[in-house]
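Visitor: Following this message is one structure expressed as structure tokens.
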Protein chains: 2
Amino acid sequence: MESQKLIRLFVTASLADGAAVELGQEQTHYLKNVMRLREGEAVALFNGSDGEFRARLESFGKRTARLLVEERLRAQAAEPDLWLVFAPIKRARIDYLIEKATELGVSALVPVITRHTNVERLNLERLRAHAIEAAEQSERLTVPRIDEPRAFDDVLGAWDKSRRIMLCDESGTAPRASVALANQSAAAWAVLIGPEGGFAETELDALRKLPFVSPVSLGPRILRADTAALAGLAVLQALRGEAR
Amino acid sequence: MESQKLIRLFVTASLADGAAVELGQEQTHYLKNVMRLREGEAVALFNGSDGEFRARLESFGKRTARLLVEERLRAQAAEPDLWLVFAPIKRARIDYLIEKATELGVSALVPVITRHTNVERLNLERLRAHAIEAAEQSERLTVPRIDEPRAFDDVLGAWDKSRRIMLCDESGTAPRASVALANQSAAAWAVLIGPEGGFAETELDALRKLPFVSPVSLGPRILRADTAALAGLAVLQALRGEAR
């Protein structure tokens, strides 16, 4: 870490030169006791819409901290319109998935309950905390949205057809990404991965018939759901996204 | 999991029709007490060189199991010649990295100690166990080699120049993967990632001067070392590797 790099915090307050921002208990604890900052020191704040600002620690209370917003360091910029649609997986793996997907630039995390999904309850608050932390560390200017879990059929039934789906397909019949995505110019994308047990055949059949779905093979090995999600996001970004 | 799918085990014994294989304590425990297999049931065995065979459980001892090898299910096939060269990271993250890199098809995991590497000791036995488990689950026919950690300068000094290095470069000046890798036709590759603190400037300068190094940007965000490794492997496989 370079010494001049500021600690970054996501806040919900509006940000502008001269604004005052009050931090809650957790962020105060983090700055005061974990990072051992003192009054007069600077941090960087972002809120997903106003860009990134330098702010100075004016005072620490017992459970709050007051910051004074100084100059804008970065203007808000366009970010990829990229969803990850995934069936919930077990605890340690889903935490990791949220972190990695946030680093790889997703704008929304969309949990879906498929036929073979075993995990149906999600602690969304914990997942959002992971997404915020990953956004802070990866220098994003936004935090991805995390939806409530919904039935897969409902999500697909209400799908906006202008958002193209890259389906991570392990059947062995799907084309490679460089072929499957070569002539696709959609501006909005979703990477779709099944649960650990895979999609049901009826689900796969339905998906393959949809004109806005591109089945893609990620190679000959069987990937875990979280690996497939990360590989799919990285490959899509490299071939069709911002890293193209 | 389909019901007819056999449990896969990596063994070091030679495999051929009619051969007998003796399992050690851990694999015996796994089959007997975790998976609750009984005598007469079948598993799949592979050893990295003879292909994959169906084998039948002949007898369970207290700490050993005896299997009789039946027919060959898959012939040994060529796999990618792809290394991951990485600076060791903290425990949970390195376990995950080994698992994911194995799933994504690496043939060797090469730990290097760079200027900014904080973790210098590695439990290679634990890492090898993770690689074996990931190989078993991902239906690979090999287990990647895991080297002893060495000084980065020594590894680079002894480098075989026919193996091209994709350097995951977060400086913002490197070209995108689709550009950087477009005209590269090396048969052997390595993905190289720095430690959490990044490469030292002197290390980066040296790397960029080497004719067998392709610096690649994986997008505008700052990725953790493990994320960069997985994204780099997935993108390289999609653009230049077996998923091309």
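Please note that chains go A, B, ... in the order of the structure tokens, that every chain numbers its residues from 1, and that ligands are numbered from 1 in the order shown.
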Pick out the chain A residues within 8 Å of chain B. Count only C-alpha atoms. Give them as number ranges by chain.
Guide: A: 1, 100, 103-105, 137-140, 176-178, 197-198, 217-224, 227, 230-232, 234-235, 237-239, 242-244
Visitor: Print the selection's residues with C-alpha atoms to a file, as a PDB file, in the first residue's frame.
Guide:
```pdb
ATOM      1  CA  MET A   1       0.000   0.000   0.000  1.00  0.00           C
ATOM      2  CA  LYS A 100     -14.898 -11.223  -6.238  1.00  0.00           C
ATOM      3  CA  GLU A 103     -14.042  -6.486  -7.715  1.00  0.00           C
ATOM      4  CA  LEU A 104     -14.762  -7.689 -11.240  1.00  0.00           C
ATOM      5  CA  GLY A 105     -17.243  -4.859 -11.746  1.00  0.00           C
ATOM      6  CA  GLN A 137     -10.841  -1.786  -1.528  1.00  0.00           C
ATOM      7  CA  SER A 138     -11.118  -2.098  -5.303  1.00  0.00           C
ATOM      8  CA  GLU A 139     -11.490   1.683  -5.799  1.00  0.00           C
ATOM      9  CA  ARG A 140     -14.940   1.389  -7.344  1.00  0.00           C
ATOM     10  CA  ARG A 176     -16.212 -21.210 -26.545  1.00  0.00           C
ATOM     11  CA  ALA A 177     -16.614 -17.632 -25.334  1.00  0.00           C
ATOM     12  CA  SER A 178     -14.595 -16.099 -28.155  1.00  0.00           C
ATOM     13  CA  GLY A 197     -26.079 -29.403  -8.607  1.00  0.00           C
ATOM     14  CA  GLY A 198     -26.415 -27.712 -12.005  1.00  0.00           C
ATOM     15  CA  SER A 217     -18.301 -23.189 -22.472  1.00  0.00           C
ATOM     16  CA  LEU A 218     -15.538 -22.193 -20.057  1.00  0.00           C
ATOM     17  CA  GLY A 219     -13.398 -25.234 -20.858  1.00  0.00           C
ATOM     18  CA  PRO A 220     -13.495 -29.010 -20.421  1.00  0.00           C
ATOM     19  CA  ARG A 221     -13.299 -29.194 -16.644  1.00  0.00           C
ATOM     20  CA  ILE A 222     -16.232 -29.144 -14.217  1.00  0.00           C
ATOM     21  CA  LEU A 223     -16.120 -25.824 -12.380  1.00  0.00           C
ATOM     22  CA  ARG A 224     -17.666 -25.120  -9.009  1.00  0.00           C
ATOM     23  CA  THR A 227     -15.414 -20.526 -10.029  1.00  0.00           C
ATOM     24  CA  LEU A 230     -15.746 -15.492 -11.592  1.00  0.00           C
ATOM     25  CA  ALA A 231     -14.356 -16.995 -14.791  1.00  0.00           C
ATOM     26  CA  GLY A 232     -17.498 -15.969 -16.676  1.00  0.00           C
ATOM     27  CA  ALA A 234     -13.605 -12.052 -16.192  1.00  0.00           C
ATOM     28  CA  VAL A 235     -13.997 -13.481 -19.689  1.00  0.00           C
ATOM     29  CA  GLN A 237     -15.283  -8.201 -19.324  1.00  0.00           C
ATOM     30  CA  ALA A 238     -12.248  -9.095 -21.442  1.00  0.00           C
ATOM     31  CA  LEU A 239     -14.234  -9.926 -24.579  1.00  0.00           C
ATOM     32  CA  GLU A 242     -14.658  -2.491 -20.295  1.00  0.00           C
ATOM     33  CA  ALA A 243     -11.444  -4.523 -20.447  1.00  0.00           C
ATOM     34  CA  ARG A 244     -12.093  -5.317 -24.119  1.00  0.00           C
TER      35      ARG A 244
END
```
Visitor: Could you list, as number ranges by chain, every residue within 8 Å of Ala75 (chain A), counting only C-alpha atoms and ignoring same-chain residues fewer than 2 positions away?
Guide: A: 50-52, 72-73, 77
Visitor: Please provide the set of residues having any atom within 7 Å of Arg56 (chain B), restricted to only C-alpha atoms, with same-chain residues fewer than 6 positions apart removed, written as a list in words.
Guide: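 Final neighbour list, sorted by chain and number: Gly40, Glu41, Ala42, Val43, Leu67, Leu68 and Val69 of chain B.
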Visitor: So which bits of region 130-227 of chain A end up helix (DSSP H, G or I) when you DSSP the backbone, as a ChimeraX atom specification?
Guide: /A:130-138,152-157,177-180,201-209,225-227
Visitor: Interatomic distance between CA of Glu22 (chain A) and CA of Ala65 (chain A)?
Guide: 5.7 Å
Visitor: Which residues are near Gly61 (chain A)? Cut-off 12 Å, only C-alpha atoms, ignore same chain within fewer than 4 positions. Put them as a tab-separated table (two decimals) with C-alpha atoms, in the first residue's frame.
Guide:
```tsv
chain	number	residue	atom	x	y	z
A	22	GLU	CA	-21.51	11.97	10.27
A	23	LEU	CA	-20.30	8.35	10.43
A	24	GLY	CA	-22.10	5.58	12.31
A	25	GLN	CA	-20.70	3.31	14.99
A	27	GLN	CA	-17.16	3.08	10.51
A	28	THR	CA	-16.15	5.21	13.50
A	29	HIS	CA	-14.74	2.14	15.24
A	31	LEU	CA	-11.24	4.54	11.63
A	32	LYS	CA	-10.52	5.15	15.31
A	38	ARG	CA	-6.68	10.88	14.50
A	39	GLU	CA	-8.56	14.14	14.18
A	57	LEU	CA	-11.77	14.01	10.39
A	65	ALA	CA	-17.22	10.71	13.82
A	66	ARG	CA	-17.72	14.00	12.02
A	67	LEU	CA	-15.98	14.66	8.74
```
Visitor: So which one's closest to Arg126 (chain B), B:Ile146, B:Ile89, B:Val112, B:Ala182? Using only C-alpha atoms, please.
Guide: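 Selected residue with least distance to Arg126 (chain B): B:Ile146.
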Visitor: Extract the full set of strand (DSSP E or B) residues from region 42-210 of chain A according to DSSP on the backbone, and format it as a PyMOL selection string.
Guide: chain A and resi 42-46+52-60+65-74+82-86+108-113+145-146+150-151+163-168+176+188-193
Visitor: Would you put the residues from that selection into a file with N, CA and C atoms, as a short mmCIF file (atom, residue, chain, number, x, y, z; two decimals), in the first residue's frame?
Guide:
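Dumped to again-v4.cif:
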```
data_model
loop_
_atom_site.label_atom_id
_atom_site.label_comp_id
_atom_site.auth_asym_id
_atom_site.auth_seq_id
_atom_site.Cartn_x
_atom_site.Cartn_y
_atom_site.Cartn_z
N ALA A 42 -7.06 12.65 6.90
CA ALA A 42 -8.00 12.63 5.78
C ALA A 42 -8.37 11.20 5.38
N VAL A 43 -9.57 11.04 4.88
CA VAL A 43 -10.01 9.78 4.26
C VAL A 43 -10.67 10.15 2.93
N ALA A 44 -11.02 9.12 2.14
CA ALA A 44 -11.76 9.35 0.90
C ALA A 44 -13.17 8.80 1.08
N LEU A 45 -14.16 9.54 0.62
CA LEU A 45 -15.56 9.12 0.72
C LEU A 45 -16.16 9.01 -0.68
N PHE A 46 -17.03 8.01 -0.87
CA PHE A 46 -17.82 7.92 -2.10
C PHE A 46 -19.20 7.41 -1.73
N GLU A 52 -15.84 10.79 -5.83
CA GLU A 52 -15.04 10.51 -4.63
C GLU A 52 -14.44 11.81 -4.11
N PHE A 53 -14.53 12.01 -2.80
CA PHE A 53 -14.05 13.26 -2.18
C PHE A 53 -13.05 12.96 -1.07
N ARG A 54 -12.12 13.90 -0.92
CA ARG A 54 -11.29 13.85 0.28
C ARG A 54 -12.08 14.51 1.41
N ALA A 55 -12.04 13.92 2.59
CA ALA A 55 -12.74 14.50 3.74
C ALA A 55 -11.82 14.43 4.94
N ARG A 56 -11.93 15.41 5.83
CA ARG A 56 -11.02 15.48 6.97
C ARG A 56 -11.79 15.17 8.25
N LEU A 57 -11.16 14.38 9.11
CA LEU A 57 -11.77 14.01 10.39
C LEU A 57 -11.79 15.22 11.32
N GLU A 58 -12.98 15.74 11.58
CA GLU A 58 -13.07 16.93 12.42
C GLU A 58 -13.09 16.54 13.89
N SER A 59 -13.92 15.53 14.22
CA SER A 59 -14.00 15.13 15.63
C SER A 59 -14.50 13.70 15.75
N PHE A 60 -13.96 13.00 16.72
CA PHE A 60 -14.43 11.66 17.05
C PHE A 60 -15.32 11.77 18.28
N ALA A 65 -18.33 9.86 14.21
CA ALA A 65 -17.22 10.71 13.82
C ALA A 65 -17.80 11.74 12.85
N ARG A 66 -17.25 12.94 12.89
CA ARG A 66 -17.72 14.00 12.02
C ARG A 66 -16.60 14.34 11.06
N LEU A 67 -16.97 14.36 9.77
CA LEU A 67 -15.98 14.66 8.74
C LEU A 67 -16.40 15.90 7.97
N LEU A 68 -15.42 16.64 7.51
CA LEU A 68 -15.70 17.80 6.67
C LEU A 68 -15.20 17.48 5.26
N VAL A 69 -16.11 17.54 4.30
CA VAL A 69 -15.76 17.18 2.92
C VAL A 69 -14.94 18.30 2.30
N GLU A 70 -13.80 17.92 1.73
CA GLU A 70 -12.95 18.91 1.06
C GLU A 70 -13.10 18.76 -0.45
N GLU A 71 -12.02 18.62 -1.16
CA GLU A 71 -12.16 18.63 -2.62
C GLU A 71 -12.54 17.28 -3.23
N ARG A 72 -13.11 17.35 -4.41
CA ARG A 72 -13.47 16.15 -5.15
C ARG A 72 -12.21 15.56 -5.78
N LEU A 73 -11.99 14.27 -5.56
CA LEU A 73 -10.80 13.60 -6.10
C LEU A 73 -11.09 12.95 -7.45
N ARG A 74 -12.31 12.41 -7.59
CA ARG A 74 -12.70 11.76 -8.86
C ARG A 74 -14.15 12.06 -9.14
N LEU A 82 -23.68 -4.68 -15.72
CA LEU A 82 -23.35 -6.11 -15.74
C LEU A 82 -23.91 -6.78 -14.49
N TRP A 83 -24.83 -7.72 -14.67
CA TRP A 83 -25.41 -8.43 -13.55
C TRP A 83 -24.77 -9.81 -13.41
N LEU A 84 -24.73 -10.29 -12.18
CA LEU A 84 -24.45 -11.71 -11.95
C LEU A 84 -25.72 -12.34 -11.40
N VAL A 85 -26.28 -13.28 -12.15
CA VAL A 85 -27.47 -14.01 -11.71
C VAL A 85 -27.00 -15.39 -11.27
N PHE A 86 -27.24 -15.73 -10.01
CA PHE A 86 -26.62 -16.93 -9.43
C PHE A 86 -27.54 -17.57 -8.42
N ALA A 108 -25.05 -5.44 -10.39
CA ALA A 108 -26.13 -6.02 -9.58
C ALA A 108 -25.87 -7.50 -9.36
N LEU A 109 -26.17 -7.97 -8.17
CA LEU A 109 -26.08 -9.39 -7.81
C LEU A 109 -27.51 -9.87 -7.62
N VAL A 110 -27.91 -10.85 -8.42
CA VAL A 110 -29.30 -11.28 -8.49
C VAL A 110 -29.41 -12.75 -8.10
N PRO A 111 -29.72 -13.05 -6.82
CA PRO A 111 -29.85 -14.45 -6.41
C PRO A 111 -31.16 -15.05 -6.93
N VAL A 112 -31.09 -16.26 -7.46
CA VAL A 112 -32.30 -16.93 -7.96
C VAL A 112 -32.38 -18.34 -7.39
N ILE A 113 -33.61 -18.77 -7.14
CA ILE A 113 -33.83 -20.12 -6.62
C ILE A 113 -34.22 -21.01 -7.80
N ARG A 145 -25.82 -3.44 -6.39
CA ARG A 145 -27.10 -3.74 -5.77
C ARG A 145 -27.14 -5.24 -5.48
N ILE A 146 -27.73 -5.64 -4.36
CA ILE A 146 -27.96 -7.07 -4.10
C ILE A 146 -29.46 -7.28 -3.92
N ARG A 150 -35.24 -14.58 -5.63
CA ARG A 150 -36.55 -14.81 -6.27
C ARG A 150 -36.50 -16.13 -7.02
N ALA A 151 -37.66 -16.64 -7.35
CA ALA A 151 -37.73 -17.88 -8.13
C ALA A 151 -37.13 -17.62 -9.51
N ARG A 163 -31.13 -7.01 -22.28
CA ARG A 163 -29.97 -7.44 -21.47
C ARG A 163 -29.62 -8.86 -21.85
N ARG A 164 -28.47 -9.03 -22.48
CA ARG A 164 -28.08 -10.35 -22.98
C ARG A 164 -27.51 -11.21 -21.85
N ILE A 165 -27.83 -12.50 -21.87
CA ILE A 165 -27.37 -13.44 -20.84
C ILE A 165 -26.25 -14.31 -21.38
N MET A 166 -25.12 -14.31 -20.70
CA MET A 166 -24.06 -15.28 -20.97
C MET A 166 -24.29 -16.43 -20.00
N LEU A 167 -24.72 -17.58 -20.53
CA LEU A 167 -25.03 -18.75 -19.71
C LEU A 167 -23.79 -19.63 -19.61
N CYS A 168 -23.26 -19.82 -18.41
CA CYS A 168 -22.10 -20.70 -18.23
C CYS A 168 -22.62 -22.14 -18.29
N ARG A 176 -17.13 -21.99 -27.39
CA ARG A 176 -16.21 -21.21 -26.54
C ARG A 176 -16.64 -19.76 -26.52
N ALA A 188 -25.96 -4.11 -22.28
CA ALA A 188 -26.20 -4.61 -20.92
C ALA A 188 -26.11 -6.13 -20.94
N TRP A 189 -25.44 -6.69 -19.93
CA TRP A 189 -25.19 -8.13 -19.89
C TRP A 189 -25.53 -8.70 -18.51
N ALA A 190 -25.75 -10.01 -18.49
CA ALA A 190 -25.80 -10.75 -17.24
C ALA A 190 -25.02 -12.05 -17.44
N VAL A 191 -24.24 -12.42 -16.44
CA VAL A 191 -23.63 -13.75 -16.41
C VAL A 191 -24.54 -14.61 -15.55
N LEU A 192 -24.91 -15.78 -16.06
CA LEU A 192 -25.84 -16.66 -15.34
C LEU A 192 -25.15 -17.99 -15.02
N ILE A 193 -25.14 -18.34 -13.73
CA ILE A 193 -24.57 -19.64 -13.34
C ILE A 193 -25.60 -20.41 -12.53
#
```
Visitor: For Thr202 (chain A), list every protein, DNA or RNA residue within 12 Å, evaluated using only C-alpha atoms, and leave out those in the same chain fewer than 6 positions away; present the list as a list in words.
Guide: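 Close residues of Thr202 (chain A): Thr114, Arg115, His116, Asp153, Arg208 and Lys209 of chain A.
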Visitor: Please save C-alpha atoms of the selected residues as an mmCIF file, in the first residue's frame.
Guide:
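Below is the file selection06.cif, written as the result:
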```cif
data_model
loop_
_atom_site.group_PDB
_atom_site.id
_atom_site.type_symbol
_atom_site.label_atom_id
_atom_site.label_comp_id
_atom_site.auth_asym_id
_atom_site.auth_seq_id
_atom_site.Cartn_x
_atom_site.Cartn_y
_atom_site.Cartn_z
ATOM 1 C CA THR A 114 -33.582 -22.876 -9.241
ATOM 2 C CA ARG A 115 -34.904 -26.453 -9.094
ATOM 3 C CA HIS A 116 -31.654 -27.809 -7.636
ATOM 4 C CA ASP A 153 -38.729 -18.728 -13.464
ATOM 5 C CA ARG A 208 -31.307 -22.372 -24.733
ATOM 6 C CA LYS A 209 -34.480 -21.455 -26.613
#
```
